[in-house]
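Enquirer: Input file: entry_13.cif. Contents: mmCIF, C-alpha atoms.
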```
data_data
loop_
_atom_site.label_atom_id
_atom_site.label_comp_id
_atom_site.auth_asym_id
_atom_site.auth_seq_id
_atom_site.Cartn_x
_atom_site.Cartn_y
_atom_site.Cartn_z
CA MET A 29 -2.31 -28.84 4.03
CA GLY A 30 -1.83 -29.44 7.76
CA MET A 31 -4.91 -29.37 9.96
CA ARG A 32 -7.04 -27.29 7.60
CA GLU A 33 -9.04 -29.04 4.96
CA LYS A 34 -8.80 -27.65 1.46
CA GLN A 35 -11.98 -25.63 0.77
CA TYR A 36 -11.63 -25.63 -3.02
CA SER A 37 -11.09 -28.05 -5.88
CA LEU A 38 -8.01 -28.12 -8.06
CA LYS A 39 -10.18 -27.31 -11.09
CA GLU A 40 -11.71 -24.30 -9.29
CA ALA A 41 -8.23 -23.05 -8.34
CA MET A 42 -6.91 -23.45 -11.89
CA LEU A 43 -9.96 -21.76 -13.43
CA PHE A 44 -9.62 -18.80 -11.06
CA THR A 45 -5.88 -18.32 -11.66
CA GLN A 46 -6.29 -18.59 -15.44
CA ARG A 47 -9.27 -16.24 -15.46
CA ILE A 48 -7.42 -13.60 -13.43
CA ALA A 49 -4.22 -14.08 -15.46
CA GLN A 50 -5.95 -13.62 -18.81
CA LEU A 51 -8.11 -10.70 -17.63
CA SER A 52 -5.06 -9.01 -16.08
CA LYS A 53 -3.03 -9.45 -19.26
CA ALA A 54 -5.82 -8.04 -21.44
CA LEU A 55 -6.41 -5.11 -19.10
CA TRP A 56 -2.68 -4.40 -18.71
CA LYS A 57 -2.16 -4.36 -22.49
CA SER A 58 -4.79 -1.65 -22.80
CA VAL A 59 -3.63 0.29 -19.72
CA GLU A 60 -0.01 0.13 -20.88
CA LYS A 61 -0.88 1.50 -24.33
CA ASP A 62 -2.92 4.38 -22.87
CA TRP A 63 -0.30 5.15 -20.21
CA GLN A 64 2.48 5.27 -22.84
CA GLN A 65 0.40 7.60 -25.05
CA TRP A 66 -0.28 9.93 -22.11
CA ILE A 67 3.39 10.33 -21.08
CA LYS A 68 4.98 10.14 -24.56
CA PRO A 69 5.09 13.94 -25.13
CA TYR A 70 7.19 14.26 -21.95
CA ASP A 71 9.79 11.73 -23.10
CA LEU A 72 9.09 9.41 -20.16
CA ASN A 73 8.52 5.69 -20.00
CA ILE A 74 6.07 4.01 -17.60
CA ASN A 75 8.73 3.19 -14.98
CA GLU A 76 10.03 6.77 -15.02
CA HIS A 77 6.54 8.24 -14.67
CA HIS A 78 5.74 5.79 -11.88
CA ILE A 79 8.94 6.78 -10.05
CA LEU A 80 8.07 10.49 -10.34
CA TRP A 81 4.56 9.69 -9.03
CA ILE A 82 5.96 7.75 -6.05
CA ALA A 83 8.57 10.42 -5.31
CA TYR A 84 5.80 13.03 -5.31
CA HIS A 85 3.49 11.13 -2.99
CA LEU A 86 6.16 9.74 -0.64
CA ASN A 87 8.19 12.96 -0.60
CA GLY A 88 11.64 11.57 0.20
CA ALA A 89 11.31 7.90 -0.76
CA SER A 90 14.19 5.46 -0.60
CA ILE A 91 15.04 3.46 -3.71
CA SER A 92 13.75 0.41 -1.77
CA ASP A 93 10.41 2.19 -1.26
CA VAL A 94 10.26 3.04 -4.97
CA ALA A 95 10.92 -0.59 -5.87
CA LYS A 96 8.33 -1.86 -3.40
CA PHE A 97 5.54 0.58 -4.25
CA GLY A 98 6.40 0.68 -7.95
CA VAL A 99 6.34 -3.13 -8.12
CA MET A 100 9.77 -3.24 -9.75
CA HIS A 101 13.18 -4.67 -9.00
CA VAL A 102 15.51 -2.48 -6.92
CA SER A 103 18.00 -2.25 -9.81
CA THR A 104 15.18 -1.11 -12.14
CA ALA A 105 14.10 1.53 -9.62
CA PHE A 106 17.70 2.72 -9.21
CA ASN A 107 18.57 2.77 -12.93
CA PHE A 108 15.44 4.67 -13.99
CA SER A 109 15.81 7.05 -11.03
CA LYS A 110 19.39 7.70 -12.18
CA LYS A 111 18.11 8.62 -15.67
CA LEU A 112 15.58 10.99 -14.09
CA GLU A 113 18.35 12.53 -11.99
CA GLU A 114 20.47 13.07 -15.12
CA ARG A 115 17.50 14.94 -16.65
CA GLY A 116 17.24 17.13 -13.55
CA LEU A 117 13.86 15.70 -12.48
CA LEU A 118 15.06 13.93 -9.30
CA LYS A 119 17.67 14.58 -6.65
CA PHE A 120 19.55 11.75 -4.91
CA SER A 121 20.56 12.02 -1.28
CA LYS A 122 21.71 10.08 1.76
CA LYS A 123 20.45 10.66 5.28
CA GLU A 124 22.81 11.41 8.15
CA ASN A 125 21.38 8.55 10.21
CA ASP A 126 21.03 6.15 7.24
CA LYS A 127 24.04 6.02 4.94
CA ARG A 128 23.09 2.66 3.43
CA ASN A 129 19.95 3.79 1.60
CA THR A 130 19.68 6.20 -1.28
CA TYR A 131 16.74 8.58 -1.21
CA ILE A 132 15.11 10.47 -4.04
CA LYS A 133 13.20 13.71 -4.07
CA LEU A 134 11.52 15.52 -6.94
CA THR A 135 13.20 18.67 -8.16
CA SER A 136 10.95 21.61 -9.01
CA GLN A 137 11.40 20.63 -12.67
CA GLY A 138 10.29 17.06 -11.85
CA GLU A 139 7.23 18.35 -10.01
CA ASP A 140 6.43 20.68 -12.94
CA ILE A 141 6.44 17.76 -15.38
CA LEU A 142 4.24 15.70 -13.08
CA LEU A 143 1.78 18.59 -12.73
CA GLN A 144 1.80 19.17 -16.50
CA LEU A 145 0.97 15.49 -16.97
CA MET A 146 -1.95 15.81 -14.56
CA GLU A 147 -3.23 18.77 -16.58
CA ALA A 148 -2.73 16.91 -19.85
CA TYR A 149 -4.77 13.90 -18.71
CA GLU A 150 -7.59 13.24 -21.17
CA PRO A 151 -10.08 10.65 -19.87
CA ASN A 152 -11.72 9.92 -23.21
CA GLY A 153 -8.41 8.61 -24.57
CA ASN A 154 -8.30 5.97 -21.85
CA ALA A 155 -9.83 2.55 -22.61
CA ALA A 156 -10.17 1.49 -18.95
CA PHE A 157 -12.04 4.72 -18.21
CA THR A 158 -14.34 4.48 -21.24
CA GLY A 159 -14.85 0.78 -20.53
CA ALA A 160 -16.01 1.62 -16.98
CA LEU A 161 -18.29 4.52 -18.03
CA PRO A 162 -21.36 2.31 -18.62
CA LEU A 163 -20.99 0.99 -15.05
CA ARG A 164 -20.80 4.53 -13.72
CA GLU A 165 -23.91 5.45 -15.67
CA LEU A 166 -25.71 2.38 -14.33
CA TYR A 167 -24.62 2.60 -10.67
CA GLY A 168 -23.82 6.33 -10.34
CA LYS A 169 -20.15 5.72 -9.53
CA PHE A 170 -17.06 4.02 -10.89
CA PRO A 171 -16.38 0.44 -9.74
CA ASP A 172 -14.52 0.28 -6.42
CA ILE A 173 -12.71 -2.86 -7.56
CA ILE A 174 -12.73 -3.89 -3.91
CA GLU A 175 -12.11 -7.59 -4.59
CA VAL A 176 -9.05 -6.84 -6.74
CA MET A 177 -7.77 -4.49 -4.03
CA ALA A 178 -8.23 -7.27 -1.45
CA ILE A 179 -6.22 -9.68 -3.62
CA VAL A 180 -3.44 -7.10 -4.07
CA ARG A 181 -3.43 -6.39 -0.32
CA ASN A 182 -3.01 -10.11 0.38
CA ILE A 183 -0.11 -10.31 -2.09
CA TYR A 184 1.76 -7.04 -1.34
CA GLY A 185 0.61 -6.21 2.19
CA ASP A 186 -0.95 -3.36 4.12
CA ASP A 187 1.98 -0.95 3.57
CA PHE A 188 1.54 -1.19 -0.18
CA MET A 189 -2.18 -0.49 0.02
CA GLU A 190 -1.65 2.37 2.49
CA ILE A 191 0.68 4.15 0.04
CA PHE A 192 -1.64 3.27 -2.84
CA GLU A 193 -4.59 4.90 -1.05
CA ARG A 194 -2.54 7.87 0.18
CA SER A 195 -1.57 8.83 -3.37
CA PHE A 196 -5.23 9.02 -4.37
CA GLN A 197 -6.20 10.90 -1.20
CA ASN A 198 -3.41 13.41 -1.97
CA ILE A 199 -4.89 14.00 -5.41
CA GLU A 200 -8.37 14.33 -3.93
CA LYS A 201 -7.13 16.93 -1.40
CA THR A 202 -4.63 18.93 -3.45
CA PHE A 203 -6.06 19.07 -6.98
CA VAL A 204 -9.02 20.95 -8.38
CA GLU A 205 -10.69 20.89 -11.75
CA GLU A 206 -10.50 24.19 -13.62
CA ASP A 207 -11.56 24.71 -17.22
CA GLY A 208 -11.69 20.95 -17.79
CA LYS A 209 -8.15 20.37 -16.49
CA LEU A 210 -6.71 19.05 -13.21
CA LYS A 211 -4.58 21.64 -11.44
CA LYS A 212 -2.86 21.80 -8.08
CA SER A 213 -4.96 24.10 -5.94
CA GLU A 214 -3.30 27.38 -5.02
CA ASP A 215 -3.92 26.95 -1.29
CA SER A 216 -2.75 23.32 -1.12
CA HIS A 217 0.36 22.77 0.93
CA GLN A 218 1.75 19.33 0.34
CA GLU A 219 1.16 17.27 3.47
CA LEU A 220 2.84 14.21 2.08
CA ALA A 221 4.70 11.57 4.04
#
```
Any chance you could give the structure as structure tokens?

Expert:
Amino acid sequence: MGMREKQYSLKEAMLFTQRIAQLSKALWKSVEKDWQQWIKPYDLNINEHHILWIAYHLNGASISDVAKFGVMHVSTAFNFSKKLEERGLLKFSKKENDKRNTYIKLTSQGEDILLQLMEAYEPNGNAAFTGALPLRELYGKFPDIIEVMAIVRNIYGDDFMEIFERSFQNIEKTFVEEDGKLKKSEDSHQELA
């Protein structure tokens, strides 16, 4: 431990890690099921949808960026990106000043699918959303989950959280609700990275 004294007991540490592990597994199981149901009509899996999402919000992401922000191995990011390219949803490129990295960009067809998915989102079919509704009713807002975000920031770093936040700010700025659906606003010009 060096000069610093340990400020916690072994039992406390084990209880925390097991509590967060079991809660995360239970929550992920539910989130995964709902996510798969949402994207199923578009013949996408979770990794593919996540890659499209990252490509949209980073606007010219490298495969390394996709892996980092998608919390997946580089080979996973590359292989699923390749499948999306074969379907005409992504375009691969190299940069003049950076021949080592491969970059991806959404095609118009890829953006269309992503926008259709946004429109198809149905909150009542989402267990995490319906599970949080009583908290929103009680406190007037959805939980910020600030402690979980702090843990993730300490694990993955500030860059990860910056991109994480940017994607939600982009949605806030560029999408409107019309007739009970999310749609890209007509006057929004993508000011993405």

Enquirer: What does the distance between CA of Glu124 (chain A) and CA of Ser92 (chain A) come to in Å, to one decimal place?

Expert: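 The value is 17.4 Å.
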
Enquirer: What gap, in Å, lies between CA of Ile79 (chain A) and CA of Phe120 (chain A)?

Expert: 12.8 Å

Enquirer: Mind listing as a list in words all residues within 12 Å of (-6.7, -2.3, -20.0), counting all atoms listed in the file?

Expert: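 So the residues meeting the distance criterion are Gln50, Leu51, Ser52, Lys53, Ala54, Leu55, Trp56, Lys57, Ser58, Val59, Glu60, Lys61, Asp62, Trp63, Gly153, Asn154, Ala155, Ala156, Phe157, Thr158, Gly159 and Ala160 of chain A.
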
Enquirer: Give me a file of those residues, with C-alpha atoms, as a PDB file, in the coordinates of the input.

Expert:
```pdb
ATOM      1  CA  GLN A  50      -5.950 -13.620 -18.810  1.00  0.00           C
ATOM      2  CA  LEU A  51      -8.110 -10.700 -17.630  1.00  0.00           C
ATOM      3  CA  SER A  52      -5.060  -9.010 -16.080  1.00  0.00           C
ATOM      4  CA  LYS A  53      -3.030  -9.450 -19.260  1.00  0.00           C
ATOM      5  CA  ALA A  54      -5.820  -8.040 -21.440  1.00  0.00           C
ATOM      6  CA  LEU A  55      -6.410  -5.110 -19.100  1.00  0.00           C
ATOM      7  CA  TRP A  56      -2.680  -4.400 -18.710  1.00  0.00           C
ATOM      8  CA  LYS A  57      -2.160  -4.360 -22.490  1.00  0.00           C
ATOM      9  CA  SER A  58      -4.790  -1.650 -22.800  1.00  0.00           C
ATOM     10  CA  VAL A  59      -3.630   0.290 -19.720  1.00  0.00           C
ATOM     11  CA  GLU A  60      -0.010   0.130 -20.880  1.00  0.00           C
ATOM     12  CA  LYS A  61      -0.880   1.500 -24.330  1.00  0.00           C
ATOM     13  CA  ASP A  62      -2.920   4.380 -22.870  1.00  0.00           C
ATOM     14  CA  TRP A  63      -0.300   5.150 -20.210  1.00  0.00           C
ATOM     15  CA  GLY A 153      -8.410   8.610 -24.570  1.00  0.00           C
ATOM     16  CA  ASN A 154      -8.300   5.970 -21.850  1.00  0.00           C
ATOM     17  CA  ALA A 155      -9.830   2.550 -22.610  1.00  0.00           C
ATOM     18  CA  ALA A 156     -10.170   1.490 -18.950  1.00  0.00           C
ATOM     19  CA  PHE A 157     -12.040   4.720 -18.210  1.00  0.00           C
ATOM     20  CA  THR A 158     -14.340   4.480 -21.240  1.00  0.00           C
ATOM     21  CA  GLY A 159     -14.850   0.780 -20.530  1.00  0.00           C
ATOM     22  CA  ALA A 160     -16.010   1.620 -16.980  1.00  0.00           C
TER      23      ALA A 160
END
```

Enquirer: Run through the PyMOL selection byres ((chain A and resi 181-188) around 12) on the given coordinates and return the selected residues as a list in words.

Expert: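 Matching residues under the PyMOL selection byres ((chain A and resi 181-188) around 12) are Ile82, Leu86, Asp93, Val94, Ala95, Lys96, Phe97, Gly98, Val99, Ile174, Glu175, Val176, Met177, Ala178, Ile179, Val180, Met189, Glu190, Ile191, Phe192, Glu193, Arg194 and Ser195 of chain A.
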
Enquirer: List the residues matched by the PyMOL selection byres ((chain A and resi 111) around 12) in the displayed structure as an MDAnalysis selection string, ordered by chain and then by residue number.

Expert: chainID A and resid 71:73 75:77 79:80 104:110 112:120

Enquirer: Report the distance between CA of Lys201 (chain A) and CA of Arg164 (chain A) in Å, rounded to one decimal place.

Expert: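 Straight-line distance from CA of Lys201 (chain A) to CA of Arg164 (chain A) works out to 22.2 Å.
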
Enquirer: For Pro69 (chain A), which residue among A:Leu210, A:Ala148, A:Ile132, A:Met42 is the nearest when counting only C-alpha atoms?

Expert: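 Looking only at the distances to Pro69 (chain A), the closest residue turns out to be A:Ala148.
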
Enquirer: Which one is closest to Trp81 (chain A): A:Ser213, A:Ser37, A:Asn198, A:Gln46? Count all atoms listed in the file.

Expert: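 Once distances to Trp81 (chain A) are computed over all atoms listed in the file, the minimum belongs to A:Asn198.
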
Enquirer: Taking the file as shown, find all residues satisfying the PyMOL selection byres ((chain A and resi 142) around 10) and write them as a list in words.

Expert: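 The output of the PyMOL selection byres ((chain A and resi 142) around 10) on this file is Ile67, Tyr70, His77, Leu80, Trp81, Tyr84, Leu117, Leu134, Ser136, Gln137, Gly138, Glu139, Asp140, Ile141, Leu143, Gln144, Leu145, Met146, Glu147 and Ala148 of chain A.
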
Enquirer: Could you give me the axis-aligned bounding box of region 36-53 of chain A, with 5 Å of padding per side, as centre plus edge lengths in Å to one decimal, as AutoDock Vina command-line options?

Expert:
```
--center_x -7.4 --center_y -18.6 --center_z -11.1 --size_x 18.7 --size_y 29.1 --size_z 26.2
```
